[in-house]
file target36.tsv (TSV, C-alpha atoms and all ligand atoms)
chain	number	residue	atom	x	y	z
M	1	MET	CA	-35.18	85.90	60.45
M	2	PRO	CA	-36.22	82.44	59.21
M	3	ILE	CA	-34.67	81.15	56.01
M	4	VAL	CA	-36.96	79.17	53.71
M	5	THR	CA	-35.23	76.42	51.74
M	6	ASP	CA	-36.42	73.28	50.00
M	7	GLU	CA	-36.17	71.57	53.40
M	8	GLY	CA	-38.52	74.07	55.08
M	9	PHE	CA	-37.55	76.69	57.68
M	10	GLN	CA	-33.84	76.81	58.60
M	11	ALA	CA	-31.69	78.87	60.93
M	12	ASP	CA	-29.56	81.43	59.09
M	13	ASP	CA	-25.89	80.43	59.00
M	14	TRP	CA	-24.87	83.90	57.78
M	15	ALA	CA	-24.41	86.89	60.08
M	16	ARG	CA	-25.51	90.45	59.32
M	17	ALA	CA	-23.03	93.32	59.45
M	18	GLY	CA	-24.06	95.67	62.25
M	19	GLU	CA	-23.31	99.35	62.64
M	20	THR	CA	-19.84	98.67	64.07
M	21	LEU	CA	-18.24	97.82	60.71
M	22	SER	CA	-16.31	94.99	62.38
M	23	TRP	CA	-16.39	92.78	59.34
M	24	ARG	CA	-15.55	89.11	59.22
M	25	ALA	CA	-15.98	86.18	56.86
M	26	GLY	CA	-19.47	84.65	56.70
M	27	MET	CA	-21.15	88.04	57.01
M	28	ILE	CA	-23.68	89.69	54.68
M	29	VAL	CA	-22.79	93.36	54.03
M	30	PRO	CA	-24.41	96.13	51.99
M	31	LEU	CA	-23.09	96.44	48.44
M	32	ASP	CA	-21.60	99.91	49.00
M	33	VAL	CA	-19.20	98.64	51.70
M	34	ALA	CA	-18.39	95.27	50.13
M	35	GLY	CA	-14.96	96.42	48.93
M	36	CYS	CA	-14.02	97.66	52.42
M	37	ALA	CA	-15.28	94.42	54.01
M	38	LEU	CA	-13.24	92.29	51.61
M	39	ASP	CA	-10.13	94.41	52.29
M	40	ALA	CA	-10.71	93.93	56.02
M	41	ILE	CA	-10.98	90.16	55.98
M	42	GLY	CA	-8.18	89.64	53.44
M	43	ASP	CA	-7.85	85.97	52.53
M	44	LYS	CA	-9.72	84.74	55.60
M	45	GLY	CA	-12.87	83.66	53.73
M	46	THR	CA	-15.81	84.92	51.73
M	47	ILE	CA	-18.67	87.34	52.36
M	48	GLY	CA	-22.25	87.83	51.25
M	49	ILE	CA	-23.56	91.02	49.62
M	50	GLU	CA	-27.03	92.50	49.86
M	51	ILE	CA	-28.40	94.43	46.90
M	52	ALA	CA	-31.78	96.05	46.27
M	53	SER	CA	-34.09	94.65	43.59
M	54	GLY	CA	-33.55	97.68	41.34
M	55	GLU	CA	-29.74	97.80	41.65
M	56	GLU	CA	-27.21	97.03	38.93
M	57	ILE	CA	-25.34	93.77	39.38
M	58	ASP	CA	-21.96	94.56	37.82
M	59	GLN	CA	-20.31	95.70	41.04
M	60	ALA	CA	-21.60	92.66	42.96
M	61	LEU	CA	-20.19	90.35	40.29
M	62	SER	CA	-16.85	92.16	40.11
M	63	TYR	CA	-15.72	90.55	43.40
M	64	GLY	CA	-15.82	87.09	41.83
M	65	PRO	CA	-15.69	84.00	44.07
M	66	ARG	CA	-14.86	86.09	47.15
M	67	VAL	CA	-18.61	86.73	47.32
M	68	ASP	CA	-20.33	83.50	48.18
M	69	LEU	CA	-23.87	84.78	48.64
M	70	ILE	CA	-25.94	87.55	47.09
M	71	ALA	CA	-29.10	88.59	48.92
M	72	VAL	CA	-31.60	90.50	46.76
M	73	ARG	CA	-33.88	92.70	48.87
M	74	PHE	CA	-37.35	93.75	47.76
M	75	GLU	CA	-39.98	95.65	49.74
M	76	LYS	CA	-43.29	94.47	48.29
M	77	PHE	CA	-44.36	91.01	47.21
M	78	ALA	CA	-45.71	92.63	44.03
M	79	ASP	CA	-42.18	93.79	43.09
M	80	GLY	CA	-41.28	91.25	40.41
M	81	ARG	CA	-37.89	92.80	39.54
M	82	PHE	CA	-35.98	90.53	41.88
M	83	PHE	CA	-37.01	87.49	39.81
M	84	SER	CA	-35.28	88.85	36.72
M	85	LEU	CA	-32.34	90.04	38.80
M	86	GLY	CA	-31.82	86.46	40.00
M	87	ARG	CA	-31.95	85.20	36.45
M	88	ARG	CA	-29.47	87.83	35.28
M	89	LEU	CA	-27.05	86.97	38.11
M	90	ARG	CA	-27.17	83.31	37.13
M	91	ASP	CA	-26.89	84.12	33.42
M	92	ALA	CA	-23.79	86.23	34.25
M	93	GLY	CA	-22.18	83.20	35.92
M	94	PHE	CA	-22.80	83.73	39.63
M	95	THR	CA	-22.56	80.27	41.25
M	96	GLY	CA	-22.83	81.18	44.94
M	97	ARG	CA	-25.97	81.16	47.03
M	98	LEU	CA	-28.73	83.44	45.87
M	99	ARG	CA	-31.21	84.64	48.47
M	100	ALA	CA	-34.49	86.57	48.15
M	101	VAL	CA	-35.09	88.92	51.10
M	102	GLY	CA	-38.60	90.30	51.63
M	103	PRO	CA	-42.30	89.45	51.95
M	104	LEU	CA	-42.28	86.43	49.66
M	105	LEU	CA	-45.35	84.17	49.24
M	106	PRO	CA	-44.99	80.37	48.92
M	107	ASP	CA	-46.05	80.43	45.27
M	108	GLN	CA	-43.46	83.12	44.59
M	109	TYR	CA	-40.82	81.09	46.36
M	110	ALA	CA	-41.42	78.29	43.84
M	111	PHE	CA	-41.08	80.80	41.02
M	112	ALA	CA	-37.97	82.34	42.58
M	113	ARG	CA	-36.38	78.88	42.69
M	114	SER	CA	-36.93	78.55	38.96
M	115	CYS	CA	-35.18	81.91	38.50
M	116	GLY	CA	-32.04	80.68	40.21
M	117	PHE	CA	-32.69	81.61	43.85
M	118	ASP	CA	-31.69	79.02	46.47
M	119	GLU	CA	-33.52	80.36	49.48
M	120	ALA	CA	-35.62	83.17	50.92
M	121	GLU	CA	-35.21	85.25	54.05
M	122	ILE	CA	-38.55	86.40	55.42
M	123	SER	CA	-39.72	88.06	58.61
M	124	GLY	CA	-41.00	85.88	61.44
M	125	ALA	CA	-44.43	87.51	61.12
M	126	HIS	CA	-44.54	86.73	57.43
M	127	ALA	CA	-43.38	83.15	57.96
M	128	ALA	CA	-46.14	82.67	60.54
M	129	LYS	CA	-48.83	83.47	57.97
M	130	LYS	CA	-48.14	80.23	56.10
M	131	THR	CA	-47.45	76.81	57.48
M	132	GLU	CA	-44.09	75.15	56.90
M	133	PRO	CA	-45.73	72.41	54.74
M	134	GLN	CA	-47.07	75.14	52.44
M	135	TRP	CA	-43.55	76.43	51.87
M	136	ARG	CA	-42.19	72.93	51.46
M	137	THR	CA	-44.89	71.95	48.98
M	138	ALA	CA	-44.06	75.01	46.94
M	139	ALA	CA	-40.39	74.11	47.07
M	140	GLU	CA	-40.96	70.52	46.01
M	141	SER	CA	-42.98	71.63	43.00
M	142	ILE	CA	-39.93	73.30	41.50
M	143	GLY	CA	-37.28	70.69	42.24
M	144	VAL	CA	-37.25	68.86	38.92
M	145	SER	CA	-37.21	72.01	36.83
M	146	TYR	CA	-34.45	73.56	38.87
M	147	GLN	CA	-32.20	70.54	38.45
M	148	SER	CA	-32.42	71.06	34.70
M	149	GLY	CA	-31.39	74.68	35.22
M	150	TYR	CA	-33.13	78.01	35.70
M	151	SER	CA	-33.17	78.39	31.94
M	152	HIS	CA	-35.91	80.23	30.09
M	153	ALA	CA	-37.15	76.90	28.74
M	154	ALA	CA	-38.09	75.96	32.28
M	155	GLN	CA	-40.60	78.82	32.32
M	156	LYS	CA	-42.95	76.82	30.15
M	157	THR	CA	-43.88	74.66	33.07
M	158	ILE	CA	-43.89	77.25	35.83
M	159	LEU	CA	-47.66	77.73	35.69
M	160	GLU	CA	-48.19	73.99	35.86
M	161	MET	CA	-45.74	73.70	38.71
M	162	ARG	CA	-47.44	76.50	40.64
M	163	ARG	CA	-50.77	74.77	40.19
M	164	ALA	CA	-49.28	71.47	41.34
M	165	ALA	CA	-47.85	73.25	44.37
M	166	ARG	CA	-51.29	74.56	45.19
M	167	ARG	CA	-52.84	71.13	44.80
M	168	GLY	CA	-50.19	69.32	46.86
M	169	THR	CA	-50.07	66.39	44.43
M	170	SER	CA	-48.31	65.66	41.19
M	171	ALA	CA	-51.32	63.63	39.95
M	172	PRO	CA	-52.69	65.17	36.74
M	173	PHE	CA	-55.88	67.20	36.95
M	174	PRO	CA	-58.80	64.97	35.79
M	175	SER	CA	-59.94	65.60	32.22
M	176	ASP	CA	-63.45	66.87	31.43
M	177	ASP	CA	-64.31	63.39	30.10
M	178	GLN	CA	-63.12	61.82	33.34
M	179	LEU	CA	-65.19	64.27	35.39
M	180	ALA	CA	-68.26	63.53	33.25
M	181	VAL	CA	-67.93	59.81	34.01
M	182	TRP	CA	-67.51	60.48	37.72
M	183	GLU	CA	-70.53	62.80	37.63
M	184	GLU	CA	-72.71	59.92	36.43
M	185	VAL	CA	-71.38	57.58	39.08
M	186	MET	CA	-71.92	60.10	41.87
M	187	ALA	CA	-75.47	60.86	40.78
M	188	ALA	CA	-76.43	57.27	41.53
M	189	LEU	CA	-74.92	57.15	45.04
M	190	ASP	CA	-76.17	58.22	48.47
M	191	LEU	CA	-74.34	60.85	50.56
M	192	PRO	CA	-71.80	58.52	52.24
M	193	GLY	CA	-71.28	56.77	48.89
M	194	ARG	CA	-70.62	60.04	47.07
M	195	LEU	CA	-68.09	61.14	49.67
M	196	SER	CA	-66.36	57.75	49.66
M	197	PHE	CA	-66.25	57.69	45.87
M	198	PHE	CA	-64.81	61.22	45.72
M	199	ARG	CA	-62.19	60.28	48.32
M	200	SER	CA	-61.24	57.19	46.33
M	201	ARG	CA	-60.77	59.12	43.09
M	202	ILE	CA	-58.79	62.11	44.31
M	203	GLU	CA	-55.14	61.65	45.13
M	204	GLY	CA	-53.97	64.05	47.83
M	205	ARG	CA	-55.57	66.15	50.51
M	206	ILE	CA	-59.31	66.83	50.45
M	207	VAL	CA	-60.84	69.66	52.50
M	208	PHE	CA	-64.43	70.13	53.59
M	209	THR	CA	-65.22	73.72	54.50
M	210	THR	CA	-68.05	73.95	57.00
M	211	GLY	CA	-70.07	76.95	58.13
M	212	PHE	CA	-72.03	74.74	60.61
M	213	GLY	CA	-75.40	75.21	58.87
M	214	LEU	CA	-77.89	72.40	58.24
M	215	GLU	CA	-76.25	71.08	55.07
M	216	ASP	CA	-72.69	71.32	56.38
M	217	GLN	CA	-73.63	69.47	59.55
M	218	ALA	CA	-75.08	66.65	57.43
M	219	VAL	CA	-71.85	66.39	55.42
M	220	VAL	CA	-69.67	66.53	58.55
M	221	HIS	CA	-71.73	63.70	60.03
M	222	ALA	CA	-71.33	61.54	56.92
M	223	ILE	CA	-67.57	62.18	56.69
M	224	LEU	CA	-66.94	61.34	60.33
M	225	THR	CA	-69.25	58.35	60.62
M	226	GLU	CA	-67.71	56.88	57.45
M	227	GLY	CA	-64.21	57.60	58.80
M	228	LEU	CA	-63.15	59.31	55.58
M	229	ASP	CA	-59.78	61.00	55.26
M	230	ILE	CA	-61.18	64.46	54.59
M	231	ASP	CA	-59.94	67.48	56.58
M	232	LEU	CA	-62.60	69.59	58.30
M	233	VAL	CA	-61.95	73.32	58.06
M	234	THR	CA	-64.01	76.40	58.94
M	235	LEU	CA	-63.50	80.02	57.97
M	236	ASP	CA	-63.91	82.08	61.11
M	237	THR	CA	-64.73	85.50	59.72
M	238	GLY	CA	-64.84	87.05	63.20
M	239	ARG	CA	-68.47	88.08	62.60
M	240	LEU	CA	-70.27	84.79	63.22
M	241	PHE	CA	-73.31	84.35	65.48
M	242	PRO	CA	-72.60	83.16	69.05
M	243	GLU	CA	-74.90	80.21	68.26
M	244	THR	CA	-72.58	79.18	65.43
M	245	TYR	CA	-69.62	78.99	67.81
M	246	ASP	CA	-71.76	76.82	70.11
M	247	VAL	CA	-72.57	74.41	67.25
M	248	TRP	CA	-68.87	74.33	66.38
M	249	ALA	CA	-67.97	73.34	69.96
M	250	ALA	CA	-70.84	70.82	70.24
M	251	THR	CA	-69.81	69.19	66.95
M	252	GLU	CA	-66.21	68.79	68.08
M	253	LYS	CA	-67.42	67.29	71.35
M	254	ARG	CA	-69.88	64.87	69.77
M	255	TYR	CA	-67.41	63.39	67.28
M	256	GLY	CA	-64.21	63.89	69.30
M	257	VAL	CA	-62.51	65.92	66.58
M	258	ARG	CA	-60.93	69.33	66.18
M	259	ILE	CA	-62.06	71.45	63.25
M	260	THR	CA	-59.31	73.62	61.82
M	261	ALA	CA	-60.07	77.33	61.92
M	262	ILE	CA	-58.72	79.65	59.26
M	263	TYR	CA	-58.77	83.36	60.09
M	264	PRO	CA	-58.58	86.46	57.90
M	265	ASP	CA	-55.13	87.91	57.29
M	266	GLN	CA	-54.59	90.40	60.12
M	267	ASP	CA	-53.01	93.10	57.97
M	268	GLU	CA	-55.60	92.79	55.22
M	269	LEU	CA	-58.43	92.98	57.73
M	270	ALA	CA	-56.95	95.99	59.50
M	271	ALA	CA	-56.62	97.80	56.15
M	272	LEU	CA	-60.20	96.93	55.19
M	273	VAL	CA	-61.68	98.19	58.47
M	274	ALA	CA	-59.54	101.34	58.34
M	275	HIS	CA	-60.83	102.00	54.84
M	276	GLN	CA	-64.54	101.19	55.07
M	277	GLY	CA	-65.27	101.08	58.82
M	278	ILE	CA	-66.35	98.13	60.89
M	279	ASN	CA	-69.76	97.82	59.18
M	280	GLY	CA	-68.80	99.36	55.84
M	281	PHE	CA	-70.24	96.38	53.97
M	282	TYR	CA	-73.72	97.95	54.19
M	283	GLU	CA	-72.64	100.90	52.05
M	284	SER	CA	-72.32	99.25	48.63
M	285	VAL	CA	-72.06	95.89	46.87
M	286	GLU	CA	-68.37	96.64	46.24
M	287	ALA	CA	-67.72	97.30	49.94
M	288	ARG	CA	-69.58	94.12	50.88
M	289	LYS	CA	-67.61	92.09	48.37
M	290	ALA	CA	-64.36	93.57	49.69
M	291	CYS	CA	-65.33	92.42	53.18
M	292	CYS	CA	-66.23	88.92	51.94
M	293	GLN	CA	-62.95	88.85	50.02
M	294	ALA	CA	-60.90	89.63	53.13
M	295	ARG	CA	-62.88	87.58	55.62
M	296	LYS	CA	-63.87	84.59	53.48
M	297	VAL	CA	-62.38	84.28	50.01
M	298	GLU	CA	-58.71	84.92	50.82
M	299	PRO	CA	-58.85	82.61	53.88
M	300	LEU	CA	-60.57	79.96	51.73
M	301	ASN	CA	-57.77	80.12	49.20
M	302	ARG	CA	-55.31	79.55	52.03
M	303	ALA	CA	-57.44	76.71	53.42
M	304	LEU	CA	-57.35	74.99	50.04
M	305	PHE	CA	-53.65	75.53	49.43
M	306	GLY	CA	-51.93	72.17	48.97
M	307	SER	CA	-55.28	70.41	48.48
M	308	ALA	CA	-56.41	68.37	45.52
M	309	GLY	CA	-60.11	68.19	46.44
M	310	TRP	CA	-62.75	70.42	48.03
M	311	VAL	CA	-66.10	69.25	49.38
M	312	THR	CA	-68.98	71.70	49.92
M	313	GLY	CA	-72.48	71.49	51.40
M	314	ILE	CA	-74.14	73.27	48.47
M	315	ARG	CA	-77.65	72.35	47.31
M	316	ALA	CA	-78.73	73.28	43.78
M	317	ASP	CA	-82.07	74.82	44.74
M	318	GLN	CA	-80.48	77.37	47.07
M	319	SER	CA	-79.98	79.89	44.26
M	320	LYS	CA	-79.96	80.32	40.48
M	321	ASN	CA	-76.16	80.32	40.38
M	322	ARG	CA	-76.00	77.06	42.31
M	323	ASN	CA	-78.42	75.43	39.89
M	324	ALA	CA	-75.65	75.29	37.28
M	325	MET	CA	-73.31	73.35	39.57
M	326	ARG	CA	-72.51	69.65	39.35
M	327	PHE	CA	-71.72	66.83	41.78
M	328	ILE	CA	-68.12	67.00	40.72
M	329	GLU	CA	-66.50	69.86	38.85
M	330	ALA	CA	-63.17	71.50	38.21
M	331	ASP	CA	-62.29	74.67	40.11
M	332	ARG	CA	-59.24	75.36	37.98
M	333	ALA	CA	-58.64	78.80	39.47
M	334	ARG	CA	-58.02	77.19	42.84
M	335	GLY	CA	-56.46	74.04	41.36
M	336	VAL	CA	-58.92	71.68	43.05
M	337	VAL	CA	-61.60	69.21	42.04
M	338	LYS	CA	-64.76	70.29	43.81
M	339	SER	CA	-67.53	67.99	44.96
M	340	ASN	CA	-71.06	69.04	45.95
M	341	PRO	CA	-72.51	65.77	47.30
M	342	LEU	CA	-75.78	67.36	48.48
M	343	LEU	CA	-76.47	69.01	45.16
M	344	ASP	CA	-79.78	67.26	44.42
M	345	TRP	CA	-81.08	67.24	47.99
M	346	SER	CA	-84.01	69.45	48.97
M	347	ARG	CA	-84.12	71.31	52.23
M	348	SER	CA	-86.74	68.94	53.64
M	349	GLU	CA	-84.67	65.89	52.65
M	350	THR	CA	-81.68	67.39	54.43
M	351	GLU	CA	-83.76	68.14	57.51
M	352	ALA	CA	-85.11	64.57	57.49
M	353	TYR	CA	-81.56	63.15	57.28
M	354	ALA	CA	-80.45	65.39	60.15
M	355	ALA	CA	-83.39	64.32	62.31
M	356	GLU	CA	-82.88	60.65	61.53
M	357	GLN	CA	-79.15	60.81	62.35
M	358	GLY	CA	-79.59	63.00	65.44
M	359	ILE	CA	-77.28	65.66	64.00
M	360	VAL	CA	-76.41	68.76	66.07
M	361	LEU	CA	-78.10	71.78	64.47
M	362	ASN	CA	-77.86	75.52	64.90
M	363	PRO	CA	-80.88	76.68	66.99
M	364	LEU	CA	-81.16	79.72	64.69
M	365	HIS	CA	-82.70	77.46	62.03
M	366	GLU	CA	-85.76	77.11	64.25
M	367	LYS	CA	-86.01	80.89	64.52
M	368	GLY	CA	-86.35	81.37	60.76
M	369	PHE	CA	-82.68	81.61	59.81
M	370	ALA	CA	-82.66	79.23	56.84
M	371	SER	CA	-79.15	80.04	55.64
M	372	ILE	CA	-76.68	81.19	58.29
M	373	GLY	CA	-73.60	83.26	57.58
M	374	CYS	CA	-72.10	86.28	59.33
M	375	ALA	CA	-74.37	87.83	61.98
M	376	PRO	CA	-74.59	91.36	60.54
M	377	CYS	CA	-75.38	90.02	57.07
M	378	THR	CA	-78.02	87.40	57.93
M	379	ARG	CA	-81.65	87.82	59.01
M	380	ALA	CA	-84.52	85.39	59.56
M	381	ILE	CA	-86.80	84.92	56.56
M	382	GLU	CA	-90.58	85.30	56.40
M	383	PRO	CA	-92.84	82.37	55.38
M	384	GLY	CA	-92.79	82.08	51.58
M	385	GLU	CA	-89.43	83.87	51.15
M	386	HIS	CA	-86.59	82.08	49.37
M	387	GLU	CA	-84.24	80.45	51.85
M	388	ARG	CA	-81.30	82.69	50.94
M	389	ALA	CA	-83.42	85.84	51.10
M	390	GLY	CA	-82.01	86.48	54.57
M	391	ARG	CA	-78.42	86.75	53.32
M	392	TRP	CA	-77.31	90.31	52.37
M	393	TRP	CA	-81.04	91.15	52.33
M	394	TRP	CA	-80.39	94.79	51.40
M	395	GLU	CA	-78.89	93.79	48.03
M	396	GLU	CA	-80.46	92.80	44.73
M	397	GLU	CA	-81.13	89.07	44.46
M	398	ASN	CA	-78.72	88.36	41.57
M	399	LYS	CA	-75.72	89.83	43.42
M	400	LYS	CA	-75.92	87.60	46.47
M	401	GLU	CA	-72.86	85.39	46.53
M	402	CYS	CA	-69.78	85.93	48.61
M	403	GLY	CA	-67.25	84.75	46.03
M	404	LEU	CA	-66.55	81.33	47.53
M	405	HIS	CA	-68.48	79.46	44.85
M	406	THR	CA	-68.56	81.82	41.91
M	407	SER	CA	-64.98	82.03	40.67
S	1	LIG	S1	-70.96	88.11	55.12
S	1	LIG	FE1	-70.89	90.27	55.79
S	1	LIG	S2	-69.50	90.38	57.58
S	1	LIG	FE2	-69.27	88.36	56.59
S	1	LIG	S3	-67.51	88.62	55.28
S	1	LIG	FE3	-69.29	89.04	53.98
S	1	LIG	S4	-69.73	91.24	54.17
S	1	LIG	FE4	-68.25	90.69	55.78
call {"tool": "encode", "arguments": {"input": "target36.tsv", "output": "structure tokens", "more": "lines below"}}
Ligand code: SF4
result
Amino acid sequence: MPIVTDEGFQADDWARAGETLSWRAGMIVPLDVAGCALDAIGDKGTIGIEIASGEEIDQALSYGPRVDLIAVRFEKFADGRFFSLGRRLRDAGFTGRLRAVGPLLPDQYAFARSCGFDEAEISGAHAAKKTEPQWRTAAESIGVSYQSGYSHAAQKTILEMRRAARRGTSAPFPSDDQLAVWEEVMAALDLPGRLSFFRSRIEGRIVFTTGFGLEDQAVVHAILTEGLDIDLVTLDTGRLFPETYDVWAATEKRYGVRITAIYPDQDELAALVAHQGINGFYESVEARKACCQARKVEPLNRALFGSAGWVTGIRADQSKNRNAMRFIEADRARGVVKSNPLLDWSRSETEAYAAEQGIVLNPLHEKGFASIGCAPCTRAIEPGEHERAGRWWWEEENKKECGLHTS
């Protein structure tokens, strides 16, 4: 099992007691056999003890310095009891290593560090769901607080630290006044100028999420021809049109880049399909939103983890909701500053830019697909229909967003 520490993934230097009961120093044993294990090794070293998140700590502490590590096991990431158990162990004077064992998330690792934990033991499958930099960023966000102790006073800044971990930068979030000034500047610039200005003002990683439609292709072109340090990411829902995959490949070939694909969480997707069926999203708005949540929103949150900025290809006249958006705005829930550099462009202006620049476009646009998303949820529109009328066409107009841009 990988061990997550402030340095990233590490090999475990502790052994697990097997069924044989052949105990030795440097081994982690269940609490109920700790006394026997200590008797067996005598004065030849120390052991580690594993306890469950709901267990009392008195017995574990009664062995004093002969126990050098306490591993607190929990079964679900929603089980918050192990946080307080860590704090109680530290408050009671335990100075050895404290380890969380279970399906921890990077954010929770940061919080666990503030509660006195030193490390986390997670399954290989769980570790593979997040990149090592995500774990390390979370770890770094807690370092200063932890040095001053895991005291309750440190809790005041945990929310801020978790947000900083998500953003991947310690730079303060811009104030509303600052954003208002930037909004004015961006309004006066062209597309490359807006992207360059946004890049220059945001410290840390910026992500552009592309779905390979007309607008996104225009933004990708501007980013790459300007050579801007903005990461290109796409959310592969698994339900995209074959034509979209072709545009993806053609775009990579034209610019000589690789676009990072983020996929839905395998377990979450399996649970969704088991619950509502493979096309369950047609049954109700709730079912459709659950599908968008699993296939788009949760992967987006992962794509933006550790980022300070997010660029989109949104235009204001695409829907009523989008009309209220700005060139630059705070998405505080995701901890990013969001930029919509095409906000005031019309569809025809975007098409003209694409034609002028020779941008690779999805052939579905020519077949009446104005806005292109997942294949089962997108149809071509009729002349005179609004351009997003083909998205989730069976739903009422005011319910048509997938959650990416509405939180
Ligand atoms: S657009 Fe349709 S298939 Fe795609 S995630 Fe949403 S509900 Fe699921």
call {"tool": "atom_distance", "arguments": {"input": "target36.tsv", "atom1": "CA of Arg379 in chain M", "atom2": "CA of Trp394 in chain M"}}
result
10.4 Å
call {"tool": "residues_around", "arguments": {"input": "target36.tsv", "residues": "range 114-128 of chain M", "least_positions_apart": "3", "cutoff": "7 Å", "atoms": "all atoms listed in the file", "output": "MDAnalysis selection string"}}
result
chainID M and resid 1:5 83 86:87 90 97:104 110:111 131 142 145:146 150
call {"tool": "closest_atom_pairs", "arguments": {"input": "target36.tsv", "of": "chain M", "to": "ligand LIG 1 (chain S)", "cutoff": "6 Å", "atoms": "all atoms listed in the file", "output": "CSV"}}
result
residue,atom,partner,partner_atom,distance
M:Arg239,CA,S:LIG1,S2,5.6
M:Phe281,CA,S:LIG1,S4,5.2
M:Arg288,CA,S:LIG1,S4,4.4
M:Cys291,CA,S:LIG1,FE4,4.3
M:Cys292,CA,S:LIG1,S3,3.6
M:Arg295,CA,S:LIG1,S3,4.8
M:Lys296,CA,S:LIG1,S3,5.7
M:Cys374,CA,S:LIG1,FE2,4.5
M:Pro376,CA,S:LIG1,S2,6.0
M:Cys377,CA,S:LIG1,FE1,4.7
call {"tool": "write_last_selection", "arguments": {"input": "target36.tsv", "atoms": "C-alpha atoms", "output": "PDB file, keeping the file's coordinate frame"}}
result
ATOM      1  CA  ARG M 239     -68.470  88.080  62.600  1.00  0.00           C
ATOM      2  CA  PHE M 281     -70.240  96.380  53.970  1.00  0.00           C
ATOM      3  CA  ARG M 288     -69.580  94.120  50.880  1.00  0.00           C
ATOM      4  CA  CYS M 291     -65.330  92.420  53.180  1.00  0.00           C
ATOM      5  CA  CYS M 292     -66.230  88.920  51.940  1.00  0.00           C
ATOM      6  CA  ARG M 295     -62.880  87.580  55.620  1.00  0.00           C
ATOM      7  CA  LYS M 296     -63.870  84.590  53.480  1.00  0.00           C
ATOM      8  CA  CYS M 374     -72.100  86.280  59.330  1.00  0.00           C
ATOM      9  CA  PRO M 376     -74.590  91.360  60.540  1.00  0.00           C
ATOM     10  CA  CYS M 377     -75.380  90.020  57.070  1.00  0.00           C
TER      11      CYS M 377
END
call {"tool": "atom_distance", "arguments": {"input": "target36.tsv", "atom1": "CA of Phe9 in chain M", "atom2": "CA of Thr209 in chain M"}}
result
28.0 Å
call {"tool": "closest_residue", "arguments": {"input": "target36.tsv", "among": "M:Glu215, M:Asp13, M:Asp229, M:Glu382", "to": "Glu351 in chain M", "atoms": "only C-alpha atoms"}}
result
M:Glu215
call {"tool": "residues_near_point", "arguments": {"input": "target36.tsv", "point": "(-72.2, 64.8, 40.5)", "cutoff": "6 Å", "atoms": "all atoms listed in the file", "output": "count of residues only"}}
result
6
call {"tool": "residues_around", "arguments": {"input": "target36.tsv", "residues": "Ser348 in chain M", "least_positions_apart": "6", "cutoff": "12 Å", "atoms": "all atoms listed in the file", "output": "ChimeraX atom specification"}}
result
/M:214-215,315,317,354-355,370,387
call {"tool": "write_last_selection", "arguments": {"input": "target36.tsv", "atoms": "C-alpha atoms", "output": "compact mmCIF listing (two decimals), in the coordinates of the input"}}
result
# COMPACT_ATOMS: atom_id res chain seq x y z
CA LEU M 214 -77.89 72.40 58.24
CA GLU M 215 -76.25 71.08 55.07
CA ARG M 315 -77.65 72.35 47.31
CA ASP M 317 -82.07 74.82 44.74
CA ALA M 354 -80.45 65.39 60.15
CA ALA M 355 -83.39 64.32 62.31
CA ALA M 370 -82.66 79.23 56.84
CA GLU M 387 -84.24 80.45 51.85
call {"tool": "atom_distance", "arguments": {"input": "target36.tsv", "atom1": "CA of Ala37 in chain M", "atom2": "CA of Ala25 in chain M"}}
result
8.7 Å
call {"tool": "residues_around", "arguments": {"input": "target36.tsv", "residues": "Gly368 in chain M", "least_positions_apart": "5", "cutoff": "12 Å", "atoms": "all atoms listed in the file", "output": "number ranges by chain"}}
result
M: 362-363, 378-390
call {"tool": "closest_residue", "arguments": {"input": "target36.tsv", "among": "M:Leu240, M:Asp246, M:Asp43, M:Pro192", "to": "Gly227 in chain M", "atoms": "all atoms listed in the file"}}
result
M:Pro192
call {"tool": "closest_residue", "arguments": {"input": "target36.tsv", "among": "M:Ala290, M:Arg81, M:Gly313, M:Pro172", "to": "Thr210 in chain M", "atoms": "all atoms listed in the file"}}
result
M:Gly313
call {"tool": "closest_residue", "arguments": {"input": "target36.tsv", "among": "M:Ile41, M:Met27, M:Ala270, M:Leu361", "to": "Ala250 in chain M", "atoms": "only C-alpha atoms"}}
result
M:Leu361
call {"tool": "residues_around", "arguments": {"input": "target36.tsv", "residues": "Ile47 in chain M", "least_positions_apart": "4", "cutoff": "7 Å", "atoms": "all atoms listed in the file", "output": "compact mmCIF listing (two decimals) with C-alpha atoms, in the frame of the given file"}}
result
# COMPACT_ATOMS: atom_id res chain seq x y z
CA ALA M 25 -15.98 86.18 56.86
CA GLY M 26 -19.47 84.65 56.70
CA MET M 27 -21.15 88.04 57.01
CA ILE M 28 -23.68 89.69 54.68
CA ARG M 66 -14.86 86.09 47.15
CA VAL M 67 -18.61 86.73 47.32
CA ASP M 68 -20.33 83.50 48.18
CA LEU M 69 -23.87 84.78 48.64
call {"tool": "residues_around", "arguments": {"input": "target36.tsv", "residues": "Ser62 in chain M", "least_positions_apart": "6", "cutoff": "12 Å", "atoms": "only C-alpha atoms", "output": "VMD selection string"}}
result
chain M and resid 31 34 to 35 49 56 89 92 to 94
call {"tool": "write_last_selection", "arguments": {"input": "target36.tsv", "atoms": "C-alpha atoms", "output": "PDB file, in the frame of the given file"}}
result
ATOM      1  CA  LEU M  31     -23.090  96.440  48.440  1.00  0.00           C
ATOM      2  CA  ALA M  34     -18.390  95.270  50.130  1.00  0.00           C
ATOM      3  CA  GLY M  35     -14.960  96.420  48.930  1.00  0.00           C
ATOM      4  CA  ILE M  49     -23.560  91.020  49.620  1.00  0.00           C
ATOM      5  CA  GLU M  56     -27.210  97.030  38.930  1.00  0.00           C
ATOM      6  CA  LEU M  89     -27.050  86.970  38.110  1.00  0.00           C
ATOM      7  CA  ALA M  92     -23.790  86.230  34.250  1.00  0.00           C
ATOM      8  CA  GLY M  93     -22.180  83.200  35.920  1.00  0.00           C
ATOM      9  CA  PHE M  94     -22.800  83.730  39.630  1.00  0.00           C
TER      10      PHE M  94
END
